[in-house]
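The data block below is target.cif; it holds mmCIF, N, CA and C atoms.
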```cif
data_coords
#
loop_
_atom_site.label_atom_id
_atom_site.label_comp_id
_atom_site.auth_asym_id
_atom_site.auth_seq_id
_atom_site.Cartn_x
_atom_site.Cartn_y
_atom_site.Cartn_z
N MET P 1 28.14 -106.50 29.55
CA MET P 1 27.02 -105.98 30.29
C MET P 1 27.32 -104.61 30.89
N SER P 2 28.56 -104.34 31.20
CA SER P 2 28.91 -103.05 31.79
C SER P 2 28.67 -101.90 30.81
N GLU P 3 28.80 -102.17 29.51
CA GLU P 3 28.54 -101.13 28.51
C GLU P 3 27.07 -100.71 28.56
N VAL P 4 26.17 -101.67 28.69
CA VAL P 4 24.74 -101.37 28.77
C VAL P 4 24.46 -100.55 30.03
N THR P 5 25.02 -100.95 31.13
CA THR P 5 24.84 -100.21 32.38
C THR P 5 25.38 -98.80 32.24
N SER P 6 26.50 -98.65 31.59
CA SER P 6 27.10 -97.34 31.39
C SER P 6 26.18 -96.42 30.58
N VAL P 7 25.58 -96.94 29.52
CA VAL P 7 24.67 -96.16 28.69
C VAL P 7 23.46 -95.75 29.51
N ARG P 8 22.90 -96.67 30.27
CA ARG P 8 21.73 -96.36 31.10
C ARG P 8 22.04 -95.30 32.13
N ASP P 9 23.23 -95.33 32.67
CA ASP P 9 23.62 -94.35 33.69
C ASP P 9 23.74 -92.95 33.11
N THR P 10 24.09 -92.82 31.86
CA THR P 10 24.28 -91.49 31.27
C THR P 10 23.01 -90.91 30.68
N ILE P 11 21.98 -91.69 30.49
CA ILE P 11 20.76 -91.20 29.85
C ILE P 11 20.14 -90.02 30.59
N PRO P 12 19.98 -90.05 31.91
CA PRO P 12 19.40 -88.86 32.57
C PRO P 12 20.22 -87.58 32.35
N ASP P 13 21.53 -87.71 32.34
CA ASP P 13 22.38 -86.54 32.08
C ASP P 13 22.21 -86.05 30.65
N ARG P 14 22.10 -86.96 29.73
CA ARG P 14 21.92 -86.59 28.33
C ARG P 14 20.58 -85.89 28.12
N ILE P 15 19.52 -86.42 28.75
CA ILE P 15 18.20 -85.81 28.63
C ILE P 15 18.21 -84.42 29.27
N ALA P 16 18.88 -84.26 30.39
CA ALA P 16 18.96 -82.94 31.04
C ALA P 16 19.63 -81.93 30.12
N ARG P 17 20.69 -82.34 29.45
CA ARG P 17 21.39 -81.46 28.51
C ARG P 17 20.48 -81.08 27.33
N ILE P 18 19.73 -82.05 26.84
CA ILE P 18 18.79 -81.80 25.74
C ILE P 18 17.72 -80.82 26.19
N ARG P 19 17.19 -81.00 27.39
CA ARG P 19 16.14 -80.09 27.90
C ARG P 19 16.64 -78.66 27.97
N ILE P 20 17.85 -78.48 28.40
CA ILE P 20 18.41 -77.13 28.45
C ILE P 20 18.50 -76.54 27.05
N ALA P 21 18.93 -77.33 26.09
CA ALA P 21 19.08 -76.85 24.72
C ALA P 21 17.73 -76.56 24.06
N LEU P 22 16.67 -77.23 24.51
CA LEU P 22 15.35 -77.04 23.91
C LEU P 22 14.61 -75.81 24.45
N LYS P 23 15.11 -75.21 25.51
CA LYS P 23 14.39 -74.11 26.16
C LYS P 23 14.09 -72.95 25.21
N ASP P 24 15.00 -72.64 24.31
CA ASP P 24 14.78 -71.50 23.42
C ASP P 24 14.50 -71.93 21.98
N ARG P 25 14.01 -73.13 21.82
CA ARG P 25 13.73 -73.65 20.48
C ARG P 25 12.22 -73.70 20.20
N VAL P 26 11.89 -73.66 18.95
CA VAL P 26 10.51 -73.91 18.51
C VAL P 26 10.40 -75.43 18.39
N LEU P 27 9.64 -76.03 19.28
CA LEU P 27 9.62 -77.49 19.38
C LEU P 27 9.09 -78.17 18.12
N SER P 28 8.15 -77.55 17.44
CA SER P 28 7.63 -78.15 16.21
C SER P 28 8.71 -78.21 15.13
N ARG P 29 9.59 -77.22 15.12
CA ARG P 29 10.69 -77.24 14.13
C ARG P 29 11.73 -78.28 14.49
N VAL P 30 11.98 -78.45 15.78
CA VAL P 30 12.91 -79.51 16.21
C VAL P 30 12.33 -80.87 15.82
N ALA P 31 11.04 -81.06 16.05
CA ALA P 31 10.39 -82.32 15.68
C ALA P 31 10.52 -82.57 14.18
N GLU P 32 10.29 -81.54 13.41
CA GLU P 32 10.40 -81.67 11.96
C GLU P 32 11.84 -82.00 11.55
N GLY P 33 12.79 -81.33 12.15
CA GLY P 33 14.20 -81.54 11.81
C GLY P 33 14.74 -82.89 12.23
N THR P 34 14.16 -83.46 13.28
CA THR P 34 14.64 -84.75 13.78
C THR P 34 13.79 -85.91 13.29
N GLU P 35 12.66 -85.59 12.66
CA GLU P 35 11.69 -86.58 12.23
C GLU P 35 11.10 -87.35 13.41
N LEU P 36 11.04 -86.68 14.57
CA LEU P 36 10.37 -87.23 15.74
C LEU P 36 8.98 -86.62 15.82
N HIS P 37 8.08 -87.30 16.49
CA HIS P 37 6.74 -86.76 16.69
C HIS P 37 6.83 -85.53 17.58
N ALA P 38 6.03 -84.53 17.30
CA ALA P 38 6.05 -83.29 18.08
C ALA P 38 5.78 -83.55 19.55
N ASN P 39 4.90 -84.49 19.86
CA ASN P 39 4.61 -84.80 21.27
C ASN P 39 5.83 -85.38 21.98
N THR P 40 6.64 -86.14 21.28
CA THR P 40 7.85 -86.70 21.88
C THR P 40 8.81 -85.58 22.26
N VAL P 41 9.02 -84.66 21.35
CA VAL P 41 9.92 -83.53 21.62
C VAL P 41 9.35 -82.68 22.76
N ARG P 42 8.06 -82.44 22.75
CA ARG P 42 7.42 -81.65 23.80
C ARG P 42 7.56 -82.36 25.15
N ASN P 43 7.35 -83.66 25.19
CA ASN P 43 7.46 -84.40 26.45
C ASN P 43 8.87 -84.33 27.03
N ILE P 44 9.85 -84.42 26.18
CA ILE P 44 11.23 -84.30 26.67
C ILE P 44 11.47 -82.89 27.18
N ALA P 45 11.06 -81.89 26.41
CA ALA P 45 11.30 -80.49 26.79
C ALA P 45 10.59 -80.11 28.08
N LYS P 46 9.42 -80.65 28.30
CA LYS P 46 8.61 -80.27 29.47
C LYS P 46 8.90 -81.11 30.70
N GLY P 47 9.84 -82.03 30.62
CA GLY P 47 10.25 -82.78 31.80
C GLY P 47 9.45 -84.02 32.10
N SER P 48 8.82 -84.60 31.11
CA SER P 48 8.07 -85.84 31.33
C SER P 48 8.99 -86.91 31.91
N GLU P 49 8.44 -87.71 32.78
CA GLU P 49 9.21 -88.77 33.43
C GLU P 49 9.18 -90.08 32.64
N GLN P 50 8.57 -90.08 31.46
CA GLN P 50 8.52 -91.31 30.68
C GLN P 50 9.91 -91.69 30.20
N MET P 51 10.08 -92.92 29.80
CA MET P 51 11.35 -93.41 29.29
C MET P 51 11.43 -93.07 27.79
N PHE P 52 12.57 -92.58 27.38
CA PHE P 52 12.79 -92.26 25.97
C PHE P 52 13.84 -93.22 25.42
N SER P 53 13.65 -93.63 24.19
CA SER P 53 14.57 -94.59 23.59
C SER P 53 15.91 -93.94 23.27
N LEU P 54 16.94 -94.76 23.22
CA LEU P 54 18.27 -94.27 22.87
C LEU P 54 18.29 -93.65 21.47
N PRO P 55 17.63 -94.24 20.47
CA PRO P 55 17.61 -93.58 19.16
C PRO P 55 16.96 -92.19 19.19
N THR P 56 15.94 -92.01 20.02
CA THR P 56 15.31 -90.70 20.17
C THR P 56 16.29 -89.70 20.75
N ILE P 57 16.98 -90.10 21.80
CA ILE P 57 17.96 -89.24 22.43
C ILE P 57 19.07 -88.88 21.45
N GLU P 58 19.53 -89.87 20.71
CA GLU P 58 20.61 -89.63 19.74
C GLU P 58 20.17 -88.69 18.63
N LYS P 59 18.93 -88.83 18.13
CA LYS P 59 18.44 -87.91 17.09
C LYS P 59 18.44 -86.47 17.60
N LEU P 60 17.97 -86.29 18.82
CA LEU P 60 17.94 -84.94 19.38
C LEU P 60 19.35 -84.40 19.61
N GLU P 61 20.25 -85.21 20.11
CA GLU P 61 21.63 -84.76 20.30
C GLU P 61 22.27 -84.38 18.98
N ASN P 62 22.06 -85.20 17.96
CA ASN P 62 22.63 -84.89 16.64
C ASN P 62 22.08 -83.58 16.11
N TYR P 63 20.80 -83.38 16.26
CA TYR P 63 20.17 -82.14 15.77
C TYR P 63 20.65 -80.93 16.55
N LEU P 64 20.66 -81.04 17.86
CA LEU P 64 20.95 -79.88 18.70
C LEU P 64 22.44 -79.56 18.81
N PHE P 65 23.30 -80.57 18.79
CA PHE P 65 24.70 -80.34 19.11
C PHE P 65 25.67 -80.61 17.95
N SER P 66 25.28 -81.37 16.96
CA SER P 66 26.21 -81.72 15.88
C SER P 66 26.12 -80.78 14.69
N ARG P 67 25.06 -80.03 14.63
CA ARG P 67 24.86 -79.16 13.46
C ARG P 67 25.32 -77.74 13.71
N GLY P 68 26.02 -77.51 14.78
CA GLY P 68 26.46 -76.16 15.09
C GLY P 68 25.33 -75.26 15.52
N ALA P 69 24.27 -75.87 16.05
CA ALA P 69 23.07 -75.13 16.46
C ALA P 69 23.31 -74.32 17.71
#
```
Mind turning this structure into structure tokens?
Amino acid sequence: MSEVTSVRDTIPDRIARIRIALKDRVLSRVAEGTELHANTVRNIAKGSEQMFSLPTIEKLENYLFSRGA
């Protein structure tokens, strides 16, 4: 159970890092590259308080940070 708690604790930090990386991006291209809906990417970038799934966060992290972007 502590692993689940640990993941939940890091999600806000991960989303904050993603938001910073999205500031100078074309959000529609990020959506296309991650295969996420454009509204999802926009909501994360604009600071929506909704809950985002771990797979969504991971797709964005992979796109933004793993590809040498």
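The shortest atom-to-atom distance to Arg19 of chain P, with all atoms listed in the file taken into account, belongs to P:Lys46 out of P:His37, P:Tyr63, P:Lys46, P:Phe52.
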Of P:Ala45, P:Ile11, P:Ala38, P:Ile18, the one nearest to Leu64 of chain P when counting only C-alpha atoms is P:Ile18
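The nearest approach to Arg14 of chain P among the residues P:Leu36, P:Val26, P:Ser48, P:Glu61, with only N, CA and C atoms taken into account, belongs to P:Glu61.
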Might you spell out which residues the PyMOL selection byres (((chain P and resi 60 and name CA) around 12) and name CA) would select in the displayed file, as an MDAnalysis selection string? chainID P and resid 14:22 27 29:37 40:42 44:45 52:59 61:67 69
Interatomic distance, atom CA of Asp9 of chain P to atom C of Arg25 of chain P (Å, one decimal): 27.2 Å
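Atom CA of Asp24 of chain P lies 21.1 Å from atom N of Pro12 of chain P.
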Which of chain P DSSP labels alpha helix (DSSP H), written as a ChimeraX atom specification: /P:2-22,27-34,38-45,54-61
Keeping N, CA and C atoms for every residue in the selection just given, could you write it to a file as a short mmCIF file (atom, residue, chain, number, x, y, z; two decimals), in the coordinates of the input?
```cif
data_model
loop_
_atom_site.label_atom_id
_atom_site.label_comp_id
_atom_site.auth_asym_id
_atom_site.auth_seq_id
_atom_site.Cartn_x
_atom_site.Cartn_y
_atom_site.Cartn_z
N SER P 2 28.56 -104.34 31.20
CA SER P 2 28.91 -103.05 31.79
C SER P 2 28.67 -101.90 30.81
N GLU P 3 28.80 -102.17 29.51
CA GLU P 3 28.54 -101.13 28.51
C GLU P 3 27.07 -100.71 28.56
N VAL P 4 26.17 -101.67 28.69
CA VAL P 4 24.74 -101.37 28.77
C VAL P 4 24.46 -100.55 30.03
N THR P 5 25.02 -100.95 31.13
CA THR P 5 24.84 -100.21 32.38
C THR P 5 25.38 -98.80 32.24
N SER P 6 26.50 -98.65 31.59
CA SER P 6 27.10 -97.34 31.39
C SER P 6 26.18 -96.42 30.58
N VAL P 7 25.58 -96.94 29.52
CA VAL P 7 24.67 -96.16 28.69
C VAL P 7 23.46 -95.75 29.51
N ARG P 8 22.90 -96.67 30.27
CA ARG P 8 21.73 -96.36 31.10
C ARG P 8 22.04 -95.30 32.13
N ASP P 9 23.23 -95.33 32.67
CA ASP P 9 23.62 -94.35 33.69
C ASP P 9 23.74 -92.95 33.11
N THR P 10 24.09 -92.82 31.86
CA THR P 10 24.28 -91.49 31.27
C THR P 10 23.01 -90.91 30.68
N ILE P 11 21.98 -91.69 30.49
CA ILE P 11 20.76 -91.20 29.85
C ILE P 11 20.14 -90.02 30.59
N PRO P 12 19.98 -90.05 31.91
CA PRO P 12 19.40 -88.86 32.57
C PRO P 12 20.22 -87.58 32.35
N ASP P 13 21.53 -87.71 32.34
CA ASP P 13 22.38 -86.54 32.08
C ASP P 13 22.21 -86.05 30.65
N ARG P 14 22.10 -86.96 29.73
CA ARG P 14 21.92 -86.59 28.33
C ARG P 14 20.58 -85.89 28.12
N ILE P 15 19.52 -86.42 28.75
CA ILE P 15 18.20 -85.81 28.63
C ILE P 15 18.21 -84.42 29.27
N ALA P 16 18.88 -84.26 30.39
CA ALA P 16 18.96 -82.94 31.04
C ALA P 16 19.63 -81.93 30.12
N ARG P 17 20.69 -82.34 29.45
CA ARG P 17 21.39 -81.46 28.51
C ARG P 17 20.48 -81.08 27.33
N ILE P 18 19.73 -82.05 26.84
CA ILE P 18 18.79 -81.80 25.74
C ILE P 18 17.72 -80.82 26.19
N ARG P 19 17.19 -81.00 27.39
CA ARG P 19 16.14 -80.09 27.90
C ARG P 19 16.64 -78.66 27.97
N ILE P 20 17.85 -78.48 28.40
CA ILE P 20 18.41 -77.13 28.45
C ILE P 20 18.50 -76.54 27.05
N ALA P 21 18.93 -77.33 26.09
CA ALA P 21 19.08 -76.85 24.72
C ALA P 21 17.73 -76.56 24.06
N LEU P 22 16.67 -77.23 24.51
CA LEU P 22 15.35 -77.04 23.91
C LEU P 22 14.61 -75.81 24.45
N LEU P 27 9.64 -76.03 19.28
CA LEU P 27 9.62 -77.49 19.38
C LEU P 27 9.09 -78.17 18.12
N SER P 28 8.15 -77.55 17.44
CA SER P 28 7.63 -78.15 16.21
C SER P 28 8.71 -78.21 15.13
N ARG P 29 9.59 -77.22 15.12
CA ARG P 29 10.69 -77.24 14.13
C ARG P 29 11.73 -78.28 14.49
N VAL P 30 11.98 -78.45 15.78
CA VAL P 30 12.91 -79.51 16.21
C VAL P 30 12.33 -80.87 15.82
N ALA P 31 11.04 -81.06 16.05
CA ALA P 31 10.39 -82.32 15.68
C ALA P 31 10.52 -82.57 14.18
N GLU P 32 10.29 -81.54 13.41
CA GLU P 32 10.40 -81.67 11.96
C GLU P 32 11.84 -82.00 11.55
N GLY P 33 12.79 -81.33 12.15
CA GLY P 33 14.20 -81.54 11.81
C GLY P 33 14.74 -82.89 12.23
N THR P 34 14.16 -83.46 13.28
CA THR P 34 14.64 -84.75 13.78
C THR P 34 13.79 -85.91 13.29
N ALA P 38 6.03 -84.53 17.30
CA ALA P 38 6.05 -83.29 18.08
C ALA P 38 5.78 -83.55 19.55
N ASN P 39 4.90 -84.49 19.86
CA ASN P 39 4.61 -84.80 21.27
C ASN P 39 5.83 -85.38 21.98
N THR P 40 6.64 -86.14 21.28
CA THR P 40 7.85 -86.70 21.88
C THR P 40 8.81 -85.58 22.26
N VAL P 41 9.02 -84.66 21.35
CA VAL P 41 9.92 -83.53 21.62
C VAL P 41 9.35 -82.68 22.76
N ARG P 42 8.06 -82.44 22.75
CA ARG P 42 7.42 -81.65 23.80
C ARG P 42 7.56 -82.36 25.15
N ASN P 43 7.35 -83.66 25.19
CA ASN P 43 7.46 -84.40 26.45
C ASN P 43 8.87 -84.33 27.03
N ILE P 44 9.85 -84.42 26.18
CA ILE P 44 11.23 -84.30 26.67
C ILE P 44 11.47 -82.89 27.18
N ALA P 45 11.06 -81.89 26.41
CA ALA P 45 11.30 -80.49 26.79
C ALA P 45 10.59 -80.11 28.08
N LEU P 54 16.94 -94.76 23.22
CA LEU P 54 18.27 -94.27 22.87
C LEU P 54 18.29 -93.65 21.47
N PRO P 55 17.63 -94.24 20.47
CA PRO P 55 17.61 -93.58 19.16
C PRO P 55 16.96 -92.19 19.19
N THR P 56 15.94 -92.01 20.02
CA THR P 56 15.31 -90.70 20.17
C THR P 56 16.29 -89.70 20.75
N ILE P 57 16.98 -90.10 21.80
CA ILE P 57 17.96 -89.24 22.43
C ILE P 57 19.07 -88.88 21.45
N GLU P 58 19.53 -89.87 20.71
CA GLU P 58 20.61 -89.63 19.74
C GLU P 58 20.17 -88.69 18.63
N LYS P 59 18.93 -88.83 18.13
CA LYS P 59 18.44 -87.91 17.09
C LYS P 59 18.44 -86.47 17.60
N LEU P 60 17.97 -86.29 18.82
CA LEU P 60 17.94 -84.94 19.38
C LEU P 60 19.35 -84.40 19.61
N GLU P 61 20.25 -85.21 20.11
CA GLU P 61 21.63 -84.76 20.30
C GLU P 61 22.27 -84.38 18.98
#
```
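Going from atom N of Thr10 of chain P to atom C of Gln50 of chain P covers 14.3 Å.
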